[in-house]
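Quick look at model-v4.cif (mmCIF, C-alpha atoms):
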```
data_final
loop_
_atom_site.label_atom_id
_atom_site.label_comp_id
_atom_site.auth_asym_id
_atom_site.auth_seq_id
_atom_site.Cartn_x
_atom_site.Cartn_y
_atom_site.Cartn_z
CA MET A 1 -162.80 129.76 82.88
CA LYS A 2 -160.15 127.13 83.35
CA ASN A 3 -157.20 127.54 85.64
CA THR A 4 -154.30 126.93 83.34
CA LEU A 5 -150.64 127.56 83.78
CA VAL A 6 -149.29 129.63 80.96
CA ASN A 7 -145.58 129.35 80.35
CA SER A 8 -144.35 132.77 79.45
CA LYS A 9 -140.88 133.52 78.18
CA SER A 10 -139.99 135.19 81.44
CA SER A 11 -140.87 132.12 83.49
CA SER A 12 -138.70 129.88 81.36
CA VAL A 13 -135.61 132.02 81.78
CA ARG A 14 -133.24 130.34 84.18
CA ARG A 15 -131.84 132.46 86.86
CA PRO A 16 -128.21 131.82 87.64
CA SER A 17 -127.87 129.44 90.53
CA ARG A 18 -126.29 130.90 93.61
CA GLU A 19 -123.91 128.20 94.57
CA THR A 20 -122.11 129.12 97.70
CA VAL A 21 -118.39 128.73 97.64
CA PRO A 22 -116.90 128.03 101.08
CA SER A 23 -115.03 131.15 102.07
CA MET A 24 -113.33 132.93 104.93
CA ARG A 25 -113.51 136.60 105.94
CA ILE A 26 -110.09 138.09 106.59
CA LEU A 27 -108.67 141.51 107.41
CA VAL A 28 -105.84 142.31 104.98
CA PHE A 29 -103.14 144.87 105.75
CA GLY A 30 -99.74 145.78 104.40
CA ILE A 31 -96.46 145.81 106.25
CA GLY A 32 -93.94 147.29 103.85
CA ASN A 33 -94.41 145.42 100.58
CA VAL A 34 -95.85 142.30 102.27
CA SER A 35 -99.59 141.62 102.46
CA LEU A 36 -100.68 140.00 105.73
CA ALA A 37 -104.07 138.94 107.03
CA LEU A 38 -105.88 137.81 110.13
CA PRO A 39 -109.17 135.93 110.41
CA ILE A 40 -111.97 138.40 111.14
CA GLU A 41 -112.92 136.42 114.26
CA THR A 42 -109.66 137.48 115.94
CA ILE A 43 -110.16 141.22 115.38
CA SER A 44 -111.27 143.15 118.45
CA LYS A 45 -111.14 146.68 117.01
CA ILE A 46 -109.18 149.05 114.80
CA LEU A 47 -108.00 152.30 116.35
CA LYS A 48 -106.54 155.44 114.84
CA GLN A 49 -103.54 157.33 116.26
CA THR A 50 -102.81 155.29 119.38
CA THR A 51 -99.75 156.12 121.49
CA VAL A 52 -97.40 153.20 122.18
CA TYR A 53 -95.08 153.22 125.22
CA GLY A 54 -92.05 151.28 126.41
CA VAL A 55 -90.75 150.16 123.05
CA GLY A 56 -87.81 147.86 123.56
CA LEU A 57 -85.16 146.65 121.15
CA ASN A 58 -87.36 143.80 119.93
CA GLY A 59 -90.23 145.95 118.63
CA VAL A 60 -92.70 145.29 121.44
CA GLY A 61 -94.50 148.05 123.30
CA ILE A 62 -97.62 148.71 125.32
CA ALA A 63 -100.72 150.80 124.66
CA HIS A 64 -103.48 151.86 127.04
CA ILE A 65 -106.83 151.03 125.45
CA GLY A 66 -109.84 151.67 127.61
CA GLU A 67 -109.29 149.87 130.91
CA ARG A 68 -106.76 147.41 129.46
CA GLU A 69 -103.11 147.29 128.56
CA VAL A 70 -102.41 145.91 125.11
CA THR A 71 -99.09 144.42 123.99
CA VAL A 72 -98.12 146.05 120.70
CA VAL A 73 -96.15 143.89 118.27
CA ASP A 74 -94.29 145.82 115.56
CA LEU A 75 -94.31 143.41 112.61
CA HIS A 76 -92.50 146.05 110.53
CA GLU A 77 -89.56 145.73 112.93
CA GLN A 78 -89.61 141.92 112.61
CA LEU A 79 -89.61 142.09 108.81
CA PHE A 80 -87.48 145.11 107.98
CA GLN A 81 -85.52 145.97 111.17
CA SER A 82 -87.05 149.44 111.22
CA SER A 83 -89.81 150.25 113.65
CA LEU A 84 -93.22 151.77 112.92
CA ILE A 85 -93.61 152.33 116.66
CA ASP A 86 -90.50 154.51 116.91
CA ALA A 87 -91.64 156.60 113.98
CA ALA A 88 -95.02 157.38 115.56
CA SER A 89 -96.13 159.49 112.61
CA LEU A 90 -95.90 156.45 110.31
CA ALA A 91 -98.17 154.09 112.26
CA THR A 92 -101.57 155.68 111.89
CA TYR A 93 -103.73 152.66 112.80
CA LEU A 94 -103.60 149.94 115.42
CA ILE A 95 -105.29 146.62 114.72
CA VAL A 96 -106.27 145.12 118.07
CA VAL A 97 -106.58 141.33 118.03
CA GLN A 98 -107.38 138.75 120.69
CA ASN A 99 -105.59 135.41 121.02
CA SER A 100 -107.18 132.15 122.18
CA GLN A 101 -106.34 132.97 125.84
CA GLY A 102 -108.14 136.33 125.65
CA GLU A 103 -104.98 138.46 125.63
CA LEU A 104 -105.07 141.52 123.40
CA TYR A 105 -102.29 142.42 120.96
CA GLY A 106 -101.94 145.50 118.81
CA ILE A 107 -100.39 145.59 115.35
CA PRO A 108 -99.44 149.07 114.05
CA VAL A 109 -100.09 149.67 110.35
CA THR A 110 -99.79 152.69 108.06
CA ALA A 111 -103.01 152.31 106.03
CA VAL A 112 -106.59 151.28 106.67
CA PRO A 113 -106.89 147.48 106.59
CA ALA A 114 -109.34 145.93 104.10
CA LEU A 115 -111.98 143.31 104.77
CA ARG A 116 -111.96 140.54 102.14
CA GLU A 117 -113.81 137.33 101.66
CA VAL A 118 -111.57 134.71 100.09
CA PRO A 119 -112.46 131.22 98.90
CA LEU A 120 -111.10 128.48 101.16
CA SER A 121 -109.71 126.81 98.04
CA SER A 122 -107.23 129.71 97.67
CA ILE A 123 -105.76 129.18 101.16
CA ARG A 124 -102.85 126.78 101.57
CA VAL A 125 -100.77 125.69 104.55
CA LEU A 126 -97.21 127.00 104.48
CA PRO A 127 -94.64 124.20 104.52
CA PRO A 128 -92.83 123.84 107.88
CA SER A 129 -89.47 124.31 106.16
CA TYR A 130 -90.57 127.74 104.91
CA ARG A 131 -92.01 128.71 108.28
CA ASP A 132 -88.77 127.74 110.03
CA ALA A 133 -86.67 129.77 107.59
CA ASP A 134 -88.90 132.84 107.20
CA ILE A 135 -88.62 135.85 109.46
CA ILE A 136 -92.33 135.83 110.36
CA SER A 137 -93.00 132.41 111.82
CA SER A 138 -96.47 133.53 112.90
CA ALA A 139 -97.55 133.14 109.26
CA THR A 140 -99.10 129.68 108.99
CA HIS A 141 -101.01 129.87 105.70
CA VAL A 142 -100.79 131.65 102.38
CA CYS A 143 -103.61 132.85 100.17
CA HIS A 144 -103.10 133.39 96.46
CA ILE A 145 -105.71 135.50 94.67
CA GLU A 146 -105.73 136.02 90.92
CA GLN A 147 -106.53 139.62 90.01
CA ALA A 148 -106.66 141.50 86.72
CA GLU A 149 -103.74 143.81 87.49
CA ALA A 150 -101.46 141.35 89.32
CA PRO A 151 -101.87 138.26 91.50
CA LEU A 152 -102.03 138.93 95.23
CA THR A 153 -100.24 136.75 97.76
CA ILE A 154 -101.36 137.18 101.36
CA PHE A 155 -99.62 135.59 104.34
CA MET A 156 -102.13 134.65 107.01
CA LEU A 157 -101.07 135.07 110.62
CA ASP A 158 -101.90 133.00 113.67
CA VAL A 159 -102.59 135.41 116.56
CA ASP A 160 -101.33 132.85 119.09
CA LEU A 161 -97.88 132.94 117.42
CA LEU A 162 -97.42 136.73 117.19
CA LEU A 163 -94.80 136.89 119.94
CA SER A 164 -93.06 133.63 119.09
CA ASP A 165 -90.05 135.41 117.51
CA THR A 166 -89.53 138.23 119.99
#
```
Mind turning the file's structure into structure tokens?
Amino acid sequence: MKNTLVNSKSSSVRRPSRETVPSMRILVFGIGNVSLALPIETISKILKQTTVYGVGLNGVGIAHIGEREVTVVDLHEQLFQSSLIDAASLATYLIVVQNSQGELYGIPVTAVPALREVPLSSIRVLPPSYRDADIISSATHVCHIEQAEAPLTIFMLDVDLLLSDT
């Protein structure tokens, strides 16, 4: 018997190629009606129901997390002049991030953040003129995602700039 290769219909069917699109994993969360995000590499942990102390007029407080003190930055206060920290029942989660110097910051949010993978092609640098004029100067990039229901615009934050406005 000869060894022959028989081409069946199933072997001639082309499987879709799995081209990889360069992408970035981000943690998306809402502050009021604004969608913000942080690169997943900066996220240390997400905590539920964390008490924040020493809240000053500029929306910065402190939380005790394990053996460390974490500076809590109330982005809701920066954007809308009303604090999520003061209304403790509103801030149900604390996103703990680490800057390039190893310092931890907490960001209070009202809903569970979502992990997303976005194509790098959808991320654009914010113009300096916008960053200088906008209330959150820690936003350095913007990501625009087309969706069936409505397009989503996400402002991406730089952890090292979180306290630049306070």
Requested in this report: Identify, on the basis of only C-alpha atoms, every residue whose closest approach to stretch 91-107 of chain A does not exceed 10 Å; exclude the query and any residue fewer than 2 positions from it along the same chain; express the result as a ChimeraX atom specification.
Outcome: /A:27,29,31,38-52,60-63,65,68-76,83-89,109-113,158-163
Name the residues that the PyMOL selection byres ((chain A and resi 119) around 6) pulls out of this structure, and write them as a compact mmCIF listing (two decimals) with C-alpha atoms, in the frame of the given file.
```txt
# COMPACT_ATOMS: atom_id res chain seq x y z
CA PRO A 22 -116.90 128.03 101.08
CA SER A 23 -115.03 131.15 102.07
CA VAL A 118 -111.57 134.71 100.09
CA LEU A 120 -111.10 128.48 101.16
CA SER A 121 -109.71 126.81 98.04
CA SER A 122 -107.23 129.71 97.67
```
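The spacing separating atom CA of A:Leu115 from atom CA of A:Met24 amounts to 10.5 Å.
The shortest atom-to-atom distance to A:Ile26, with only C-alpha atoms taken into account, belongs to A:Arg116 out of A:His144, A:Arg116, A:His64, A:Arg131.
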Query raised in the report: When you draw a straight line from atom CA of A:Ile154 to atom CA of A:Thr140, how long is it in Å?
Result: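 One can read the atom CA of A:Ile154 to atom CA of A:Thr140 distance as 10.9 Å.
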Report task. Place a sphere of radius 8 Å on (-106.0, 129.6, 106.2) in the file coordinates and name every protein, DNA or RNA residue with an atom inside or on its surface, counting all atoms listed in the file; give the answer as a PyMOL selection string. Result -> chain A and resi 120+123-125+140-143+156
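Between atom CA of A:Gln78 and atom CA of A:Asn58 the interatomic distance comes to 7.9 Å.
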Put a box with edges along x, y and z around all the listed atoms of stretch 119-129 of chain A, pad it by 4 Å on each side, then give me its centre and sizes in Å, one decimal, as AutoDock Vina command-line options.
```
--center_x -101.0 --center_y 127.5 --center_z 102.8 --size_x 31.0 --size_y 15.4 --size_z 18.2
```
Query - Distance criterion (all atoms listed in the file): nearest to A:Ser138 out of A:Ser82, A:Arg25, A:Phe155, A:Ser35 - result: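 Once distances to A:Ser138 are computed over all atoms listed in the file, the minimum belongs to A:Phe155.
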